[in-house]
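Text of upload_2.txt, listed as compact mmCIF, C-alpha atoms:
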# COMPACT_ATOMS: atom_id res chain seq x y z
CA MET A 1492 48.33 121.01 112.62
CA ASN A 1493 49.66 122.64 109.44
CA LYS A 1494 49.00 120.32 106.47
CA GLU A 1495 52.19 121.33 104.64
CA LEU A 1496 54.27 120.57 107.75
CA LEU A 1497 52.66 117.12 108.03
CA GLU A 1498 53.40 116.38 104.37
CA ARG A 1499 57.04 117.43 104.78
CA TYR A 1500 57.22 115.25 107.90
CA ILE A 1501 55.84 112.28 105.93
CA VAL A 1502 58.60 112.53 103.30
CA GLY A 1503 61.36 113.27 105.84
CA GLU A 1504 61.99 116.92 104.92
CA THR A 1505 61.48 118.40 108.41
CA ASN A 1506 64.28 119.56 110.69
CA GLU A 1507 64.77 118.36 114.27
CA ALA A 1508 62.65 121.12 115.82
CA GLU A 1509 59.79 120.40 113.42
CA ASN A 1510 60.11 116.66 114.08
CA ASN A 1511 59.74 117.29 117.81
CA LEU A 1512 56.73 119.57 117.21
CA VAL A 1513 54.90 116.97 115.12
CA GLN A 1514 55.74 114.08 117.48
CA ARG A 1515 54.49 116.03 120.52
CA TRP A 1516 51.28 116.79 118.61
CA LEU A 1517 50.86 113.09 117.73
CA GLU A 1518 51.26 112.06 121.36
CA GLU A 1519 48.81 114.63 122.73
CA ASP A 1520 45.65 112.97 121.47
CA PRO A 1521 44.81 109.67 119.70
CA ASP A 1522 42.63 111.72 117.32
CA ASN A 1523 45.75 113.61 116.19
CA ARG A 1524 47.45 110.35 115.21
CA ALA A 1525 44.30 109.23 113.38
CA GLU A 1526 44.25 112.52 111.47
CA TYR A 1527 47.96 112.15 110.63
CA LEU A 1528 47.51 108.60 109.30
CA LYS A 1529 44.60 109.78 107.16
CA VAL A 1530 46.67 112.64 105.68
CA LYS A 1531 49.61 110.29 105.15
CA ASN A 1532 47.59 107.59 103.42
CA VAL A 1533 45.94 110.09 101.07
CA PHE A 1534 49.18 111.92 100.35
CA LEU A 1535 51.24 108.80 99.64
CA SER A 1536 48.49 107.13 97.63
CA TYR A 1537 48.34 110.09 95.26
CA LEU A 1538 52.07 110.62 95.30
CA TYR A 1539 52.87 107.07 94.23
CA ALA A 1540 49.73 106.17 92.28
CA MET A 1541 51.61 107.17 89.13
CA ASN A 1542 55.00 105.57 88.44
CA LYS A 1543 57.46 107.65 90.46
CA GLU A 1544 60.32 107.29 87.96
CA LEU A 1545 58.07 108.45 85.11
CA LEU A 1546 56.99 111.54 87.08
CA GLU A 1547 60.63 112.42 87.84
CA ARG A 1548 61.57 112.15 84.15
CA HIS A 1549 58.56 114.32 83.28
CA MET A 1550 59.78 116.97 85.75
CA VAL A 1551 63.15 117.24 84.04
CA GLY A 1552 61.73 117.03 80.49
CA GLU A 1553 63.08 113.58 79.59
CA THR A 1554 59.77 111.90 78.64
CA ASN A 1555 58.86 111.05 75.04
CA GLU A 1556 55.57 112.16 73.48
CA ALA A 1557 53.62 109.06 74.57
CA GLU A 1558 54.90 109.27 78.16
CA ARG A 1559 54.17 113.01 78.31
CA MET A 1560 50.57 112.39 77.27
CA ILE A 1561 50.18 109.66 79.93
CA VAL A 1562 51.36 111.99 82.70
CA GLU A 1563 49.26 114.94 81.50
CA GLU A 1564 46.15 112.75 81.29
CA TRP A 1565 46.82 111.57 84.87
CA LEU A 1566 47.24 115.17 86.05
CA GLU A 1567 43.96 116.26 84.46
CA LYS A 1568 42.05 113.28 85.83
CA ASP A 1569 41.94 114.51 89.43
CA ALA A 1570 42.89 117.73 91.22
CA ASN A 1571 44.50 115.62 93.96
CA ASN A 1572 46.85 114.12 91.37
CA ARG A 1573 48.04 117.59 90.37
CA GLU A 1574 48.45 118.62 94.02
CA ALA A 1575 50.53 115.52 94.73
CA TYR A 1576 52.61 116.16 91.59
CA LEU A 1577 53.29 119.77 92.65
CA GLN A 1578 54.31 118.63 96.13
CA MET A 1579 56.68 116.08 94.61
CA LYS A 1580 58.10 118.65 92.17
CA LYS A 1581 58.63 121.10 95.02
CA LEU A 1582 60.69 118.49 96.88
CA TRP A 1583 62.55 117.62 93.66
CA ASP A 1584 63.37 121.27 92.93
CA SER A 1585 64.69 121.73 96.48
CA LEU A 1586 67.36 119.05 95.97
CA PRO A 1587 70.89 120.27 95.11
CA LYS A 1588 71.44 120.19 91.35
CA PRO A 1589 74.68 119.25 89.58
CA LEU A 1590 76.71 122.01 87.96
CA VAL A 1591 75.65 122.79 84.38
CA VAL A 1592 78.56 122.31 81.96
CA PRO A 1593 78.68 122.63 78.16
CA GLU A 1594 78.37 119.48 76.08
CA VAL A 1595 81.75 118.35 74.75
CA ASP A 1596 82.40 116.07 71.77
CA VAL A 1597 85.28 114.18 73.37
CA ASP A 1598 86.23 112.22 70.23
CA LYS A 1599 86.38 115.34 68.04
CA ALA A 1600 88.37 117.22 70.70
CA TRP A 1601 90.95 114.42 70.86
CA ILE A 1602 91.31 114.30 67.07
CA ASP A 1603 91.75 118.09 66.91
CA PHE A 1604 94.34 117.91 69.66
CA LYS A 1605 96.37 115.24 67.82
CA ILE A 1606 96.24 117.26 64.56
CA VAL A 1607 97.53 120.38 66.33
CA ARG A 1608 100.18 118.36 68.21
CA ASP A 1609 101.49 116.68 65.04
CA ARG A 1610 101.47 119.95 63.12
CA ARG A 1611 103.40 121.61 65.93
CA ALA A 1612 106.01 118.81 65.94
CA SER A 1613 106.65 119.19 62.19
CA GLU A 1614 107.00 122.99 62.23
CA PRO A 1615 110.19 124.98 63.02
CA ALA A 1616 110.97 125.56 66.68
CA GLU A 1617 110.10 129.27 66.39
CA ILE A 1618 106.32 129.44 66.32
CA PRO A 1619 104.40 132.68 65.96
CA LYS A 1620 103.24 133.90 69.33
CA ARG A 1621 99.60 134.13 68.26
CA LYS A 1622 99.48 130.45 67.21
CA THR A 1623 101.18 129.28 70.42
CA ASN A 1624 98.59 131.12 72.47
CA LEU A 1625 95.83 129.45 70.46
CA ILE A 1626 97.22 125.97 71.09
CA GLN A 1627 97.70 126.72 74.78
CA TRP A 1628 94.18 128.10 75.01
CA ASN A 1629 92.74 124.93 73.43
CA TRP A 1630 94.67 122.77 75.91
CA TRP A 1631 93.69 124.77 78.98
CA ALA A 1632 90.08 125.07 77.81
CA ALA A 1633 89.83 121.28 77.53
CA ALA A 1634 91.45 120.86 80.95
CA SER A 1635 89.09 123.44 82.47
CA ILE A 1636 86.02 121.73 81.02
CA LEU A 1637 87.24 118.37 82.36
CA LEU A 1638 87.77 119.90 85.81
CA VAL A 1639 84.29 121.48 85.81
CA CYS A 1640 82.78 118.12 84.81
CA MET A 1641 84.61 116.37 87.65
CA VAL A 1642 83.53 118.99 90.20
CA GLY A 1643 79.96 118.84 88.91
CA PHE A 1644 79.86 115.07 89.25
CA TYR A 1645 81.35 115.28 92.77
CA VAL A 1646 78.77 117.85 93.89
CA PHE A 1647 75.92 115.85 92.37
CA ASP A 1648 77.19 112.59 93.89
CA ARG A 1649 77.54 114.16 97.34
CA SER A 1650 74.03 115.64 97.13
CA GLN A 1651 72.58 112.25 96.25
CA ARG A 1652 74.27 110.63 99.26
CA LYS A 1653 72.42 112.79 101.77
CA GLU A 1654 71.38 110.56 104.64
CA MET A 1655 67.73 110.45 105.62
CA HIS A 1656 66.66 109.49 109.15
CA LEU A 1657 63.60 107.95 110.74
CA ALA A 1658 63.76 108.34 114.51
CA SER A 1659 61.38 107.58 117.36
CA GLN A 1660 61.74 108.95 120.86
CA GLU A 1661 59.23 108.20 123.62
CA ALA A 1662 56.59 106.76 121.29
CA VAL A 1663 56.44 103.98 118.70
CA LEU A 1664 56.68 105.28 115.12
CA GLN A 1665 55.24 103.58 112.04
CA ASP A 1666 56.29 104.83 108.61
CA SER A 1667 57.01 103.74 105.04
CA LEU A 1668 60.22 103.69 103.00
CA PRO A 1669 60.48 104.95 99.38
CA ASP A 1670 59.81 101.47 97.94
CA GLY A 1671 56.61 101.06 99.96
CA SER A 1672 58.13 98.81 102.63
CA MET A 1673 56.64 99.45 106.07
CA VAL A 1674 58.73 99.89 109.20
CA THR A 1675 57.62 100.08 112.82
CA LEU A 1676 60.23 101.68 115.09
CA ASN A 1677 60.09 100.85 118.77
CA LYS A 1678 60.82 103.67 121.20
CA ASN A 1679 64.27 105.32 121.04
CA THR A 1680 65.14 103.86 117.64
CA GLU A 1681 67.00 105.40 114.69
CA LEU A 1682 66.99 104.14 111.11
CA ALA A 1683 68.91 105.74 108.21
CA TYR A 1684 68.89 105.45 104.41
CA SER A 1685 70.15 107.48 101.44
CA SER A 1686 67.93 110.23 100.01
CA SER A 1687 68.73 108.84 96.56
CA TRP A 1688 67.43 105.41 97.53
CA SER A 1689 65.64 103.77 94.64
CA ASN A 1690 64.70 100.24 93.66
CA LYS A 1691 68.29 99.79 92.52
CA ASN A 1692 69.73 100.27 95.98
CA ARG A 1693 67.53 99.29 98.94
CA ASN A 1694 70.04 99.71 101.77
CA VAL A 1695 69.22 100.91 105.28
CA GLU A 1696 71.16 101.12 108.53
CA LEU A 1697 69.76 100.44 111.99
CA LYS A 1698 71.82 102.74 114.19
CA LYS A 1699 70.08 101.87 117.46
CA GLY A 1700 66.89 100.39 118.85
CA GLU A 1701 64.43 97.91 117.37
CA VAL A 1702 62.48 97.76 114.09
CA PHE A 1703 59.86 95.44 112.64
CA PHE A 1704 60.24 95.37 108.84
CA GLN A 1705 57.52 94.47 106.32
CA VAL A 1706 59.48 94.48 103.07
CA GLN A 1707 57.98 94.84 99.59
CA LYS A 1708 58.95 91.87 97.44
CA ASP A 1709 61.41 92.63 94.63
CA LYS A 1710 63.54 89.72 93.40
CA LYS A 1711 65.84 91.97 91.35
CA HIS A 1712 66.65 94.36 94.20
CA PRO A 1713 67.40 92.78 97.60
CA PHE A 1714 66.68 94.76 100.75
CA VAL A 1715 69.76 95.01 103.01
CA ILE A 1716 69.93 96.16 106.64
CA ALA A 1717 73.33 96.97 108.12
CA THR A 1718 73.73 97.08 111.89
CA GLY A 1719 76.85 96.52 113.96
CA ASN A 1720 79.02 94.05 112.02
CA THR A 1721 75.99 92.29 110.56
CA ASN A 1722 74.24 92.53 107.17
CA ILE A 1723 70.70 91.19 106.84
CA THR A 1724 69.43 90.54 103.29
CA VAL A 1725 65.82 89.83 102.27
CA LEU A 1726 63.63 89.92 99.16
CA GLY A 1727 60.12 90.27 100.54
CA THR A 1728 59.33 89.24 104.08
CA SER A 1729 58.60 90.43 107.61
CA PHE A 1730 61.04 90.22 110.50
CA ASN A 1731 62.27 91.94 113.64
CA VAL A 1732 65.76 93.37 114.18
CA ARG A 1733 66.88 94.54 117.61
CA ARG A 1734 70.19 96.25 118.31
CA ILE A 1735 71.42 95.45 121.83
CA PRO A 1736 74.81 96.39 123.34
CA ASN A 1737 77.49 94.98 121.03
CA ALA A 1738 75.07 92.50 119.43
CA THR A 1739 72.16 92.12 116.99
CA GLU A 1740 69.03 89.97 117.40
CA VAL A 1741 67.05 88.84 114.32
CA ILE A 1742 63.62 87.14 114.46
CA VAL A 1743 61.79 86.07 111.28
CA ALA A 1744 57.99 86.22 111.06
CA THR A 1745 57.52 85.36 107.35
CA GLY A 1746 59.74 84.62 104.36
CA LEU A 1747 63.47 83.92 104.23
CA VAL A 1748 66.25 86.06 105.69
CA LYS A 1749 70.02 85.82 105.12
CA VAL A 1750 72.24 87.03 107.96
CA ALA A 1751 75.91 87.68 107.11
CA TYR A 1752 78.74 88.40 109.57
CA ALA A 1753 82.51 87.92 109.42
CA ASP A 1754 82.77 85.36 106.55
CA LYS A 1755 79.66 83.42 107.60
CA GLU A 1756 76.10 83.28 106.24
CA ILE A 1757 73.04 81.88 108.01
CA PHE A 1758 69.52 81.56 106.57
CA LEU A 1759 66.52 82.02 108.85
CA ARG A 1760 62.98 80.82 108.17
CA PRO A 1761 59.72 81.76 109.93
CA ASP A 1762 59.77 81.35 113.73
CA GLN A 1763 63.56 81.14 113.81
CA MET A 1764 65.94 83.60 115.47
CA LEU A 1765 69.58 84.21 116.33
CA THR A 1766 71.69 86.68 118.27
CA ILE A 1767 75.09 87.69 116.88
CA ARG A 1768 77.69 89.55 118.90
CA ASP A 1769 79.84 92.06 117.02
CA ALA A 1770 82.94 90.07 117.95
CA ASP A 1771 81.57 86.70 116.73
CA THR A 1772 83.59 84.98 114.01
CA MET A 1773 82.50 81.37 114.58
CA LYS A 1774 79.15 79.94 113.47
CA VAL A 1775 76.20 81.05 115.62
CA GLU A 1776 73.37 78.58 116.15
CA LYS A 1777 69.86 79.62 115.20
CA LYS A 1778 67.04 78.87 117.63
CA PRO A 1779 63.26 78.45 117.50
CA VAL A 1780 61.32 81.55 118.52
CA GLN A 1781 60.00 81.12 122.07
CA ASP A 1782 56.77 83.06 121.49
CA LYS A 1783 55.26 85.96 119.52
CA PHE A 1784 55.72 88.59 122.22
CA TYR A 1785 58.58 90.27 120.33
CA LYS A 1786 55.91 92.01 118.21
CA TYR A 1787 54.18 93.64 121.19
CA TYR A 1788 55.08 97.18 120.07
CA VAL A 1789 53.78 96.61 116.53
CA ASP A 1790 50.20 95.62 117.35
CA ARG A 1791 50.03 96.39 121.11
CA GLU A 1792 48.64 92.91 121.77
CA PHE A 1793 49.54 90.32 124.39
CA ASN A 1794 48.09 86.83 124.00
CA PHE A 1795 49.18 84.86 127.06
CA GLU A 1796 48.28 81.17 126.86
CA ASN A 1797 49.46 79.09 129.81
CA THR A 1798 52.46 81.40 129.92
CA PRO A 1799 54.60 81.08 133.07
CA LEU A 1800 54.20 84.18 135.24
CA LYS A 1801 57.96 84.72 135.13
CA ARG A 1802 57.79 85.08 131.33
CA VAL A 1803 54.76 87.39 131.64
CA ALA A 1804 56.79 89.66 133.94
CA GLU A 1805 59.71 89.66 131.48
CA VAL A 1806 57.45 90.61 128.56
CA LEU A 1807 55.74 93.44 130.45
CA SER A 1808 59.10 94.76 131.68
CA HIS A 1809 60.36 94.91 128.11
CA ALA A 1810 57.16 96.52 126.83
CA TYR A 1811 56.75 99.24 129.45
CA ASP A 1812 59.01 101.61 131.35
CA TYR A 1813 58.75 99.61 134.56
CA LYS A 1814 60.58 96.55 135.83
CA VAL A 1815 58.02 93.92 136.86
CA MET A 1816 59.43 91.69 139.60
CA ILE A 1817 58.07 88.53 141.26
CA ASP A 1818 59.10 88.54 144.89
CA ASP A 1819 57.85 85.02 145.62
CA PRO A 1820 59.72 82.34 143.58
CA ALA A 1821 56.75 80.01 144.00
CA LEU A 1822 54.72 82.27 141.71
CA GLU A 1823 57.16 82.17 138.79
CA LYS A 1824 55.90 78.92 137.24
CA ILE A 1825 52.19 79.62 137.64
CA PRO A 1826 50.57 79.48 134.14
CA TYR A 1827 48.67 82.56 133.09
CA THR A 1828 46.13 82.85 130.27
CA ALA A 1829 44.69 86.16 129.13
CA GLU A 1830 44.47 88.38 126.05
CA PHE A 1831 45.08 92.13 126.08
CA LYS A 1832 44.67 94.58 123.20
CA GLN A 1833 45.72 98.23 123.39
CA ASN A 1834 45.71 98.13 127.21
CA SER A 1835 47.85 100.18 129.58
CA LEU A 1836 50.17 98.48 132.07
CA ALA A 1837 47.90 99.55 134.92
CA GLU A 1838 44.91 97.84 133.28
CA ILE A 1839 46.88 94.64 132.67
CA LEU A 1840 48.14 94.49 136.24
CA LYS A 1841 44.66 95.10 137.63
CA VAL A 1842 43.31 92.09 135.71
CA MET A 1843 46.28 89.94 136.74
CA ALA A 1844 45.89 90.86 140.41
CA LYS A 1845 42.20 89.93 140.39
CA SER A 1846 42.55 86.65 138.47
CA LEU A 1847 45.64 85.37 140.33
CA ASP A 1848 44.90 86.95 143.71
CA LEU A 1849 48.09 89.00 143.67
CA LYS A 1850 49.22 91.98 145.64
CA ILE A 1851 50.87 94.71 143.55
CA GLU A 1852 53.25 97.25 144.99
CA VAL A 1853 54.89 100.07 143.02
CA ARG A 1854 58.31 101.35 144.16
CA ASP A 1855 59.67 104.08 141.90
CA LYS A 1856 60.10 102.33 138.52
CA GLU A 1857 59.70 98.83 139.96
CA ILE A 1858 56.50 96.80 140.31
CA HIS A 1859 56.57 93.97 142.85
CA LEU A 1860 54.16 91.02 142.67
CA THR A 1861 53.37 88.89 145.73
CA SER A 1862 50.57 86.54 146.64
CA ASN A 1863 47.63 87.74 148.74
CA LYS A 1864 47.18 84.25 150.14
CA LYS A 1865 50.08 84.77 152.51
CA GLN A 1866 48.56 87.83 154.07
Mind converting the file's structure to structure tokens?
Amino acid sequence: MNKELLERYIVGETNEAENNLVQRWLEEDPDNRAEYLKVKNVFLSYLYAMNKELLERHMVGETNEAERMIVEEWLEKDANNREAYLQMKKLWDSLPKPLVVPEVDVDKAWIDFKIVRDRRASEPAEIPKRKTNLIQWNWWAAASILLVCMVGFYVFDRSQRKEMHLASQEAVLQDSLPDGSMVTLNKNTELAYSSSWSNKNRNVELKKGEVFFQVQKDKKHPFVIATGNTNITVLGTSFNVRRIPNATEVIVATGLVKVAYADKEIFLRPDQMLTIRDADTMKVEKKPVQDKFYKYYVDREFNFENTPLKRVAEVLSHAYDYKVMIDDPALEKIPYTAEFKQNSLAEILKVMAKSLDLKIEVRDKEIHLTSNKKQ
């Protein structure tokens, strides 16, 4: 796979066709994903080893002498540093730039205007044509410069609001955000944030699907997720957010999370959860987390410990593209204990069938479990 394409994919600069190309390549072979993660780790480590804000100021010539020497020493230290810097500068240069306008001394312009205005008021009504044109030119020149400044700011502001997307399709996607926070997107999930996102504004939007967040701690700059009619605010923690039809589910793994909706605020601690419907205006009760299976797509692990078979079927149905059904109600409460890591559904079912003496029948996208003892 082309290294430049992978690097552009890592920083979110690929188009939809390129995204699909890379994702198909990642799904073809586990070795491809291993290669991608290696490239990504090296690229990001060099890209952000030096203070990102300092590098950006160096690119636009706003560093002082001491800062310039720090950056140049870093660039000379390792060829990989220079390569990462050039990649970053290439991305920086590709961003839309604000219009260049002349510097204007606003205070001096206003004083000059008042002098000309007062002089004009004290002179006879008949003013030489040449002088009138000069005054009019000064007025329209100032107005033109103001208009150019306003247009320049508008263009720059619009360019900085460009929305960036992280999207998964038929495979789980793990990636990092500009502040170093890690996100794991379950299948068919879309997450958006501004291309100008910095430590001053850590806002993201979950448009659909499910994401496990591992947020970098920063007390001065809260991390806010908007989804539906809910805002979720954290400082540094890990938690799961799932968007379901007309509702949002939040489960906290570590740290403290504030969930805001309507005019209400609820704080969640580890192993607590709640589900808020978009139409909710009354207080919603938080609940203890039933188990850890909500993280199945993050680590691909299932640790069943005396788990009722009914719950096992629910977890597997949610994790895979099949609906696992128990045809015999007597089986639903049977406790099941087993641990699976990185296993396929077929492998899990094979072990379950052998240990519980079950018969497994596949019908289209449904898997039916019955007991062999009745046969």
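Considering the residues A:Lys1845, A:Lys1711, A:Arg1734, A:Lys1774 and counting only C-alpha atoms, Leu1697 in chain A has its shortest atom-to-atom contact with A:Arg1734.
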Nearby residues, (53.6, 109.1, 82.7) file frame, 6 Å, only C-alpha atoms, as a PyMOL selection string: chain A and resi 1545+1558-1559+1561-1562
Can you spit out the residues from that selection as a PDB file, in the coordinates of the input, using C-alpha atoms?
ATOM      1  CA  LEU A1545      58.070 108.450  85.110  1.00  0.00           C
ATOM      2  CA  GLU A1558      54.900 109.270  78.160  1.00  0.00           C
ATOM      3  CA  ARG A1559      54.170 113.010  78.310  1.00  0.00           C
ATOM      4  CA  ILE A1561      50.180 109.660  79.930  1.00  0.00           C
ATOM      5  CA  VAL A1562      51.360 111.990  82.700  1.00  0.00           C
TER       6      VAL A1562
END
Long-range neighbours of Asn1506 in chain A as a PyMOL selection string, 12 Å cut-off, all atoms listed in the file, 5 positions minimum in chain: chain A and resi 1496+1499-1500+1511-1513+1655-1658
Nearest residue to Ile1742 in chain A from the set A:Gln1707, A:Ser1835, A:Asn1794, A:Gln1781 (distances using all atoms listed in the file): A:Gln1781
Neighbour residues at most 9 Å from (65.3, 99.2, 115.8) (all atoms listed in the file) as a PyMOL selection string: chain A and resi 1675-1682+1697-1703+1731-1734
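With only C-alpha atoms taken into account, the protein and nucleic acid residues at most 7 Å from range 1817-1832 of chain A (excluding it and anything under 6 positions from it in its own chain) are Arg1791, Glu1792, Phe1793, Asn1794, Phe1795, Glu1796, Asn1797, Thr1798, Pro1799, Leu1800, Lys1801, His1859, Leu1860 and Thr1861 of chain A.
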Spatial neighbours of Val1750 in chain A, max dist 7 Å, only C-alpha atoms, sep filter under 4 positions, as a list of chain:residue names: A:Thr1721, A:Asn1722, A:Ile1723, A:Thr1724, A:Glu1756, A:Ile1757, A:Phe1758
All residues 9 Å or closer to Lys1531 in chain A, all atoms listed in the file, same chain fewer than 5 positions away omitted, as a PyMOL selection string: chain A and resi 1497-1498+1501+1526+1536
Computed interatomic separation between CA of Val1715 in chain A and CA of Asn1694 in chain A (Å):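 For CA of Val1715 in chain A relative to CA of Asn1694 in chain A, the distance reads 4.9 Å.
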Computed interatomic separation between CA of Val1674 in chain A and CA of Phe1704 in chain A (Å):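 Those two atoms sit 4.8 Å apart.
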Separation of CA of Tyr1527 in chain A from CA of Ala1508 in chain A in Å: 18.0 Å
Nearest residue to Tyr1788 in chain A from the set A:Lys1841, A:Glu1857, A:Leu1664, A:Asp1812 (distances using all atoms listed in the file):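 So, comparing all the options, the nearest one is A:Leu1664.
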Selected residue of minimal separation from Ser1846 in chain A among A:Ser1862, A:Asn1834, A:Thr1745, A:Glu1495, counting all atoms listed in the file: A:Ser1862
Residue neighbourhood Ile1767 in chain A, 8 Å, all atoms listed in the file, exclusion window fewer than 3 positions, as a list in words: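 Once the nearby chain positions are removed, what remains is Thr1721, Ala1738, Thr1739, Glu1740, Asp1771 and Val1775 of chain A.
Of the residues under consideration (A:Val1853, A:Val1806, A:Met1579, A:Ile1839), A:Val1806 shows the shortest atom-to-atom contact distance to Lys1783 in chain A when counting all atoms listed in the file.
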Residue nearest Phe1784 in chain A among A:Ala1744, A:Lys1814, A:Leu1849, A:Trp1565 (counting only C-alpha atoms):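 With only C-alpha atoms as the atom set, the closest residue is A:Ala1744.
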